[in-house]
Amino acid sequence: MSAFVPSERIKNMQPYRLGFIILGSVLSLTMIGCSKPASDEAAASATAPTAEANATMSREPFGTLPDGTAVELFTLRNPSGMEVKVTNYGGIITELKVPDRNGNIDDITLGYSSLDGYLESSPYFGAIIGRYGNRIANAQFQLDGKTYKLPANDGPNTLHGGVKGFDKVAWHAEPFDRDGERGIIFTYTSADGEEGFPGTLEVRVTYTLTDNNELIFDYHATTDKPTVVNLTQHAYFNLAGDGSGDVLEHELMINADRYTPVDATLIPTGEMASVEGTPFDFRQPTAIGARINAAHQQIKIAGGYDHNFVLNRSGEGLVLAARVDEPKSGRRMEVYTTEPGMQFYSGNFLDGSITGKNGHVYTKHSGFCLETQHYPDSPNQPSFPSTVLRPGETYSSRTVYAFSTFDR
Ligand code: GLA
């Protein structure tokens, strides 16, 4: 199905193994990768402007949280010119620079240029989402006969982990830089009862930028009490470049025969409906805008797409979830994941009230999100794959965003 295959090493490496290798390498390699003074880097690229000279990473201050915690901004670069800027506040990707078919590099993710923007108000731009990605109905769930009450932050429901989700906390960050890969290991301990969820949750999320223009997210979590977990990444993309208008001409393929229809508050009804003959059939590449105003009840409820797709898969492991082609730039993005679902959100709530990077005003559909995940409201939906995590178990999940270009 795919023109692009994730590099064999990445595909075959177990998330666990990768995690251990990364942890084992961190201390020494951090020194090599990150302690290099910026002036050395500048000198290196001035005297030897080779691709290799730029394949590195750096870190700089990114401001201070209201409680006095200093946060940092990390820059990851690969030899093909891809560059990712990410802060340990919320694990937010603030910039993602990717070449187009002519080698022009643009930032293809929405966001703010400074910490203040993210602190004031952000629709989860670029952030890690947890403990529970997407909605939990009526802000509660039952587990082992106990009812857990959560904060309602989206009408009657809990959205993206509650009032202060993983997008709004300072993560501990350990950069690493080794053969063909560089990245950050983010760790965070979520206290028992935080945002109403039971169990002390030890979370580790690793971002890796490879030489093959893959951005890999590895998620791990353990708990000391039974709980529910559903972690994801909430980057908004515009493959033509941030601020270049809407994404309606992007051609999207989603590898899903079914999706989960929702009620008026965007909670799944429990049905897994066929996409056949509906605006949700993206099995053949189709422009995002082709049916976004269709007279379909599900489209009307969400004001576009804001739905979980049940990914086609036979067994575990990485599957191709989606491919997005942007015709003008020739940029292609493919999403591979070990998750059973993916939320396709077409930026319906962007309404022009946010001015982001470089004065870009974000209006409806000026970005899209492909959030790999377990299905929304799984803790209340017995027929959905379970999101329960128990002591002694390890939550482990991987998603790959792979960037390339195409000619037509
Ligand atoms: C997810 C949700 C949407 C919206 C966005 C952020 O995609 O499903 O309804 O909350 O996040 O605004």
# chains A, B, ... in the order shown; residues from 1 in each chain; ligands from 1

call {"tool": "closest_atom_pairs", "arguments": {"of": "chain A", "to": "ligand 1", "cutoff": "6 Å", "atoms": "only C-alpha atoms and all ligand atoms", "output": "tab-separated table"}}
result
residue	atom	partner	partner_atom_place_in_ligand_line	distance
A:Pro123	CA	ligand 1	12 (O)	4.7
A:Tyr124	CA	ligand 1	6 (C)	5.9
A:Asn134	CA	ligand 1	8 (O)	5.5
A:Asp306	CA	ligand 1	8 (O)	5.3
A:Tyr345	CA	ligand 1	7 (O)	4.8

call {"tool": "residues_around", "arguments": {"residues": "Phe197 of chain A", "least_positions_apart": "6", "cutoff": "9 Å", "atoms": "only C-alpha atoms", "output": "PyMOL selection string"}}
result
chain A and resi 131+148-150+161+191+227-228

call {"tool": "select_by_dssp", "arguments": {"residues": "segment 54-195 of chain A", "states": "strand (DSSP E)", "output": "MDAnalysis selection string"}}
result
chainID A and resid 57:64 70:77 83:87 93:99 105:107 128:129 135:136 140:143 146:149 158:159 172:178 181:190

call {"tool": "closest_atom_pairs", "arguments": {"of": "segment 142-261 of chain A", "to": "segment 102-119 of chain A", "cutoff": "9 Å", "atoms": "only C-alpha atoms", "output": "CSV"}}
result
residue,atom,partner,partner_atom,distance
A:Lys168,CA,A:Leu119,CA,8.0
A:Ala235,CA,A:Thr109,CA,6.7
A:Tyr236,CA,A:Leu110,CA,5.5
A:Phe237,CA,A:Thr109,CA,4.6
A:Asn238,CA,A:Ile108,CA,5.2
A:Leu239,CA,A:Ile108,CA,5.2
A:Ala240,CA,A:Ile108,CA,6.8
A:Gly241,CA,A:Ile108,CA,4.5
A:Asp242,CA,A:Ile108,CA,5.0
A:Gly243,CA,A:Leu110,CA,7.7

call {"tool": "residues_around", "arguments": {"residues": "segment 263-275 of chain A", "least_positions_apart": "3", "cutoff": "10 Å", "atoms": "only C-alpha atoms", "output": "ChimeraX atom specification"}}
result
/A:134-138,154-157,256-260,278-283,297-298,300-302,306-310,375-378,380-384

call {"tool": "residues_around", "arguments": {"residues": "Gln233 of chain A", "least_positions_apart": "2", "cutoff": "10 Å", "atoms": "only C-alpha atoms", "output": "ChimeraX atom specification"}}
result
/A:91-93,124-130,133,167,217,231,235-236,369-373,399

call {"tool": "select_by_dssp", "arguments": {"residues": "segment 183-371 of chain A", "states": "helix (DSSP H, G or I)", "output": "NGL selection string"}}
result
:A and (194-196 or 288-291 or 297-302 or 357-359)

call {"tool": "write_last_selection", "arguments": {"atoms": "N, CA and C atoms", "output": "PDB file, in the first residue's frame"}}
result
ATOM      1  N   GLU A 194      -3.904  12.366  40.453  1.00  0.00           N
ATOM      2  CA  GLU A 194      -3.763  13.561  39.611  1.00  0.00           C
ATOM      3  C   GLU A 194      -4.893  13.610  38.582  1.00  0.00           C
ATOM      4  N   GLU A 195      -5.571  14.721  38.505  1.00  0.00           N
ATOM      5  CA  GLU A 195      -6.729  14.895  37.612  1.00  0.00           C
ATOM      6  C   GLU A 195      -7.748  13.765  37.795  1.00  0.00           C
ATOM      7  N   GLY A 196      -7.788  13.204  38.986  1.00  0.00           N
ATOM      8  CA  GLY A 196      -8.800  12.197  39.316  1.00  0.00           C
ATOM      9  C   GLY A 196      -8.440  10.765  38.952  1.00  0.00           C
ATOM     10  N   ILE A 288      -9.064  16.462   1.670  1.00  0.00           N
ATOM     11  CA  ILE A 288      -9.733  16.641   2.966  1.00  0.00           C
ATOM     12  C   ILE A 288     -11.021  17.449   2.782  1.00  0.00           C
ATOM     13  N   GLY A 289     -10.964  18.432   1.873  1.00  0.00           N
ATOM     14  CA  GLY A 289     -12.112  19.326   1.691  1.00  0.00           C
ATOM     15  C   GLY A 289     -13.231  18.773   0.823  1.00  0.00           C
ATOM     16  N   ALA A 290     -12.990  17.634   0.164  1.00  0.00           N
ATOM     17  CA  ALA A 290     -13.966  17.160  -0.838  1.00  0.00           C
ATOM     18  C   ALA A 290     -15.360  16.964  -0.256  1.00  0.00           C
ATOM     19  N   ARG A 291     -15.431  16.500   0.991  1.00  0.00           N
ATOM     20  CA  ARG A 291     -16.760  16.180   1.564  1.00  0.00           C
ATOM     21  C   ARG A 291     -16.933  16.808   2.949  1.00  0.00           C
ATOM     22  N   GLN A 297     -24.829  13.655   9.003  1.00  0.00           N
ATOM     23  CA  GLN A 297     -25.051  14.043  10.393  1.00  0.00           C
ATOM     24  C   GLN A 297     -23.742  14.085  11.199  1.00  0.00           C
ATOM     25  N   GLN A 298     -22.849  13.126  10.982  1.00  0.00           N
ATOM     26  CA  GLN A 298     -21.596  13.080  11.743  1.00  0.00           C
ATOM     27  C   GLN A 298     -20.688  14.264  11.424  1.00  0.00           C
ATOM     28  N   ILE A 299     -20.700  14.683  10.172  1.00  0.00           N
ATOM     29  CA  ILE A 299     -19.914  15.846   9.773  1.00  0.00           C
ATOM     30  C   ILE A 299     -20.500  17.105  10.412  1.00  0.00           C
ATOM     31  N   LYS A 300     -21.817  17.161  10.454  1.00  0.00           N
ATOM     32  CA  LYS A 300     -22.479  18.340  11.038  1.00  0.00           C
ATOM     33  C   LYS A 300     -22.189  18.442  12.533  1.00  0.00           C
ATOM     34  N   ILE A 301     -22.261  17.308  13.215  1.00  0.00           N
ATOM     35  CA  ILE A 301     -22.022  17.310  14.672  1.00  0.00           C
ATOM     36  C   ILE A 301     -20.655  17.899  14.988  1.00  0.00           C
ATOM     37  N   ALA A 302     -19.663  17.516  14.208  1.00  0.00           N
ATOM     38  CA  ALA A 302     -18.275  17.901  14.519  1.00  0.00           C
ATOM     39  C   ALA A 302     -17.834  19.179  13.809  1.00  0.00           C
ATOM     40  N   LYS A 357       2.692  31.655  15.375  1.00  0.00           N
ATOM     41  CA  LYS A 357       4.033  31.996  14.891  1.00  0.00           C
ATOM     42  C   LYS A 357       3.970  32.975  13.716  1.00  0.00           C
ATOM     43  N   ASN A 358       4.896  33.888  13.679  1.00  0.00           N
ATOM     44  CA  ASN A 358       5.041  34.809  12.547  1.00  0.00           C
ATOM     45  C   ASN A 358       3.752  35.536  12.199  1.00  0.00           C
ATOM     46  N   GLY A 359       2.909  35.771  13.205  1.00  0.00           N
ATOM     47  CA  GLY A 359       1.662  36.511  12.974  1.00  0.00           C
ATOM     48  C   GLY A 359       0.607  35.705  12.232  1.00  0.00           C
TER      49      GLY A 359
END

call {"tool": "residues_around", "arguments": {"residues": "segment 204-212 of chain A", "least_positions_apart": "2", "cutoff": "9 Å", "atoms": "only C-alpha atoms", "output": "PDB file with N, CA and C atoms, in the first residue's frame"}}
result
ATOM      1  N   PRO A   6       8.988   2.280   6.719  1.00  0.00           N
ATOM      2  CA  PRO A   6       9.878   2.769   7.766  1.00  0.00           C
ATOM      3  C   PRO A   6      11.163   1.943   7.749  1.00  0.00           C
ATOM      4  N   SER A   7      12.269   2.581   8.044  1.00  0.00           N
ATOM      5  CA  SER A   7      13.544   1.884   7.936  1.00  0.00           C
ATOM      6  C   SER A   7      13.490   0.602   8.760  1.00  0.00           C
ATOM      7  N   GLY A  19      14.118   1.591  24.044  1.00  0.00           N
ATOM      8  CA  GLY A  19      14.149   2.379  25.284  1.00  0.00           C
ATOM      9  C   GLY A  19      15.389   2.075  26.094  1.00  0.00           C
ATOM     10  N   ILE A  22      18.483   3.367  24.417  1.00  0.00           N
ATOM     11  CA  ILE A  22      18.556   4.817  24.547  1.00  0.00           C
ATOM     12  C   ILE A  22      19.006   5.188  25.957  1.00  0.00           C
ATOM     13  N   ALA A  55      24.195  17.565  11.333  1.00  0.00           N
ATOM     14  CA  ALA A  55      23.405  16.498  11.937  1.00  0.00           C
ATOM     15  C   ALA A  55      23.662  16.454  13.426  1.00  0.00           C
ATOM     16  N   LEU A  76      16.548  19.408  17.187  1.00  0.00           N
ATOM     17  CA  LEU A  76      17.098  18.179  16.605  1.00  0.00           C
ATOM     18  C   LEU A  76      17.232  18.412  15.107  1.00  0.00           C
ATOM     19  N   ARG A  77      18.359  18.026  14.545  1.00  0.00           N
ATOM     20  CA  ARG A  77      18.550  18.189  13.088  1.00  0.00           C
ATOM     21  C   ARG A  77      19.051  16.891  12.499  1.00  0.00           C
ATOM     22  N   ASN A  78      18.661  16.626  11.250  1.00  0.00           N
ATOM     23  CA  ASN A  78      19.247  15.468  10.570  1.00  0.00           C
ATOM     24  C   ASN A  78      19.940  15.921   9.289  1.00  0.00           C
ATOM     25  N   PRO A  79      20.703  15.049   8.641  1.00  0.00           N
ATOM     26  CA  PRO A  79      21.501  15.477   7.483  1.00  0.00           C
ATOM     27  C   PRO A  79      20.667  15.893   6.282  1.00  0.00           C
ATOM     28  N   SER A  80      19.394  15.518   6.224  1.00  0.00           N
ATOM     29  CA  SER A  80      18.571  15.908   5.071  1.00  0.00           C
ATOM     30  C   SER A  80      17.934  17.278   5.255  1.00  0.00           C
ATOM     31  N   MET A  82      16.033  18.177   7.886  1.00  0.00           N
ATOM     32  CA  MET A  82      14.861  18.193   8.773  1.00  0.00           C
ATOM     33  C   MET A  82      15.279  18.750  10.128  1.00  0.00           C
ATOM     34  N   GLU A  83      14.425  19.530  10.712  1.00  0.00           N
ATOM     35  CA  GLU A  83      14.725  20.160  12.000  1.00  0.00           C
ATOM     36  C   GLU A  83      13.463  20.147  12.858  1.00  0.00           C
ATOM     37  N   VAL A  84      13.606  19.710  14.098  1.00  0.00           N
ATOM     38  CA  VAL A  84      12.471  19.650  15.014  1.00  0.00           C
ATOM     39  C   VAL A  84      12.832  20.446  16.255  1.00  0.00           C
ATOM     40  N   GLY A  91       6.095  18.625  26.301  1.00  0.00           N
ATOM     41  CA  GLY A  91       6.691  17.893  25.168  1.00  0.00           C
ATOM     42  C   GLY A  91       6.276  18.502  23.842  1.00  0.00           C
ATOM     43  N   ILE A 128       2.199  16.454  24.009  1.00  0.00           N
ATOM     44  CA  ILE A 128       1.902  15.095  24.474  1.00  0.00           C
ATOM     45  C   ILE A 128       0.551  15.165  25.180  1.00  0.00           C
ATOM     46  N   PHE A 176      19.532  12.687  23.563  1.00  0.00           N
ATOM     47  CA  PHE A 176      20.520  11.693  23.149  1.00  0.00           C
ATOM     48  C   PHE A 176      20.855  11.925  21.680  1.00  0.00           C
ATOM     49  N   ASP A 179      24.359   7.229  16.399  1.00  0.00           N
ATOM     50  CA  ASP A 179      24.356   6.861  14.986  1.00  0.00           C
ATOM     51  C   ASP A 179      23.008   6.971  14.287  1.00  0.00           C
ATOM     52  N   GLY A 180      22.857   7.967  13.428  1.00  0.00           N
ATOM     53  CA  GLY A 180      21.660   8.029  12.604  1.00  0.00           C
ATOM     54  C   GLY A 180      20.397   8.448  13.316  1.00  0.00           C
ATOM     55  N   GLU A 181      20.484   8.737  14.610  1.00  0.00           N
ATOM     56  CA  GLU A 181      19.295   9.105  15.377  1.00  0.00           C
ATOM     57  C   GLU A 181      19.662  10.095  16.468  1.00  0.00           C
ATOM     58  N   ARG A 182      18.740  10.996  16.709  1.00  0.00           N
ATOM     59  CA  ARG A 182      18.906  11.885  17.853  1.00  0.00           C
ATOM     60  C   ARG A 182      17.509  12.167  18.393  1.00  0.00           C
ATOM     61  N   GLY A 183      17.438  12.515  19.673  1.00  0.00           N
ATOM     62  CA  GLY A 183      16.107  12.728  20.228  1.00  0.00           C
ATOM     63  C   GLY A 183      16.128  13.110  21.689  1.00  0.00           C
ATOM     64  N   ILE A 184      14.953  13.027  22.285  1.00  0.00           N
ATOM     65  CA  ILE A 184      14.789  13.409  23.682  1.00  0.00           C
ATOM     66  C   ILE A 184      13.976  12.319  24.379  1.00  0.00           C
ATOM     67  N   ILE A 185      14.411  11.957  25.572  1.00  0.00           N
ATOM     68  CA  ILE A 185      13.602  11.081  26.415  1.00  0.00           C
ATOM     69  C   ILE A 185      12.922  11.958  27.456  1.00  0.00           C
ATOM     70  N   PHE A 186      11.605  12.032  27.375  1.00  0.00           N
ATOM     71  CA  PHE A 186      10.831  12.802  28.349  1.00  0.00           C
ATOM     72  C   PHE A 186      10.289  11.852  29.406  1.00  0.00           C
ATOM     73  N   THR A 187      10.466  12.223  30.674  1.00  0.00           N
ATOM     74  CA  THR A 187       9.867  11.412  31.737  1.00  0.00           C
ATOM     75  C   THR A 187       9.051  12.300  32.663  1.00  0.00           C
ATOM     76  N   TYR A 188       8.011  11.719  33.233  1.00  0.00           N
ATOM     77  CA  TYR A 188       7.134  12.463  34.134  1.00  0.00           C
ATOM     78  C   TYR A 188       6.466  11.464  35.073  1.00  0.00           C
ATOM     79  N   THR A 189       6.404  11.817  36.346  1.00  0.00           N
ATOM     80  CA  THR A 189       5.670  10.994  37.306  1.00  0.00           C
ATOM     81  C   THR A 189       4.365  11.694  37.630  1.00  0.00           C
ATOM     82  N   GLU A 202       4.209   6.296  36.081  1.00  0.00           N
ATOM     83  CA  GLU A 202       5.561   6.663  35.614  1.00  0.00           C
ATOM     84  C   GLU A 202       5.528   6.630  34.097  1.00  0.00           C
ATOM     85  N   GLU A 214      12.214  10.304   9.609  1.00  0.00           N
ATOM     86  CA  GLU A 214      11.136   9.774  10.443  1.00  0.00           C
ATOM     87  C   GLU A 214      11.200  10.460  11.803  1.00  0.00           C
ATOM     88  N   LEU A 215      10.026  10.785  12.319  1.00  0.00           N
ATOM     89  CA  LEU A 215       9.910  11.270  13.686  1.00  0.00           C
ATOM     90  C   LEU A 215       9.145  10.178  14.428  1.00  0.00           C
ATOM     91  N   ILE A 216       9.818   9.602  15.426  1.00  0.00           N
ATOM     92  CA  ILE A 216       9.250   8.426  16.098  1.00  0.00           C
ATOM     93  C   ILE A 216       8.874   8.783  17.528  1.00  0.00           C
ATOM     94  N   PHE A 217       7.700   8.340  17.938  1.00  0.00           N
ATOM     95  CA  PHE A 217       7.231   8.550  19.307  1.00  0.00           C
ATOM     96  C   PHE A 217       7.075   7.191  19.962  1.00  0.00           C
ATOM     97  N   ASP A 218       7.806   6.985  21.054  1.00  0.00           N
ATOM     98  CA  ASP A 218       7.663   5.753  21.836  1.00  0.00           C
ATOM     99  C   ASP A 218       7.112   6.116  23.207  1.00  0.00           C
ATOM    100  N   TYR A 219       6.039   5.475  23.569  1.00  0.00           N
ATOM    101  CA  TYR A 219       5.345   5.765  24.827  1.00  0.00           C
ATOM    102  C   TYR A 219       5.444   4.552  25.752  1.00  0.00           C
ATOM    103  N   HIS A 220       5.792   4.813  26.999  1.00  0.00           N
ATOM    104  CA  HIS A 220       5.830   3.754  28.013  1.00  0.00           C
ATOM    105  C   HIS A 220       5.196   4.283  29.285  1.00  0.00           C
ATOM    106  N   ALA A 221       4.511   3.411  30.013  1.00  0.00           N
ATOM    107  CA  ALA A 221       3.990   3.816  31.316  1.00  0.00           C
ATOM    108  C   ALA A 221       3.820   2.602  32.207  1.00  0.00           C
ATOM    109  N   ALA A 402       6.440   9.690   9.088  1.00  0.00           N
ATOM    110  CA  ALA A 402       7.524   9.587   8.103  1.00  0.00           C
ATOM    111  C   ALA A 402       7.298  10.598   6.994  1.00  0.00           C
ATOM    112  N   PHE A 403       8.308  11.409   6.728  1.00  0.00           N
ATOM    113  CA  PHE A 403       8.170  12.474   5.732  1.00  0.00           C
ATOM    114  C   PHE A 403       8.982  12.158   4.481  1.00  0.00           C
ATOM    115  N   SER A 404       8.408  12.410   3.335  1.00  0.00           N
ATOM    116  CA  SER A 404       9.097  12.213   2.057  1.00  0.00           C
ATOM    117  C   SER A 404       8.454  13.179   1.060  1.00  0.00           C
TER     118      SER A 404
END

call {"tool": "residues_around", "arguments": {"residues": "Ala287 of chain A", "least_positions_apart": "6", "cutoff": "8 Å", "atoms": "only C-alpha atoms", "output": "PyMOL selection string"}}
result
chain A and resi 248-252

call {"tool": "atom_distance", "arguments": {"atom1": "atom CA of Gly315 of chain A", "atom2": "atom CA of Glu276 of chain A"}}
result
23.0 Å

call {"tool": "atom_distance", "arguments": {"atom1": "atom CA of Gly81 of chain A", "atom2": "atom CA of Lys97 of chain A"}}
result
7.8 Å

call {"tool": "closest_residue", "arguments": {"among": "A:Val247, A:Ala70, A:Val203, A:Val335", "to": "Leu318 of chain A", "atoms": "only C-alpha atoms"}}
result
A:Val335

call {"tool": "atom_distance", "arguments": {"atom1": "atom CA of Leu65 of chain A", "atom2": "atom CA of Thr232 of chain A"}}
result
23.2 Å

call {"tool": "residues_around", "arguments": {"residues": "Thr69 of chain A", "least_positions_apart": "5", "cutoff": "10 Å", "atoms": "only C-alpha atoms", "output": "list in words"}}
result
Gly63, Thr64, Tyr89 and Ala170 of chain A

call {"tool": "write_last_selection", "arguments": {"atoms": "N, CA and C atoms", "output": "mmCIF file, in the first residue's frame"}}
result
data_model
loop_
_atom_site.group_PDB
_atom_site.id
_atom_site.type_symbol
_atom_site.label_atom_id
_atom_site.label_comp_id
_atom_site.auth_asym_id
_atom_site.auth_seq_id
_atom_site.Cartn_x
_atom_site.Cartn_y
_atom_site.Cartn_z
ATOM 1 N N GLY A 63 12.213 29.947 28.603
ATOM 2 C CA GLY A 63 11.345 30.727 29.485
ATOM 3 C C GLY A 63 11.097 30.023 30.796
ATOM 4 N N THR A 64 10.189 30.632 31.579
ATOM 5 C CA THR A 64 9.949 30.176 32.938
ATOM 6 C C THR A 64 8.462 30.014 33.174
ATOM 7 N N TYR A 89 8.212 21.647 28.170
ATOM 8 C CA TYR A 89 6.874 21.997 28.656
ATOM 9 C C TYR A 89 5.859 21.292 27.747
ATOM 10 N N ALA A 170 5.757 20.240 33.176
ATOM 11 C CA ALA A 170 7.176 20.262 32.789
ATOM 12 C C ALA A 170 7.696 18.836 32.882
#
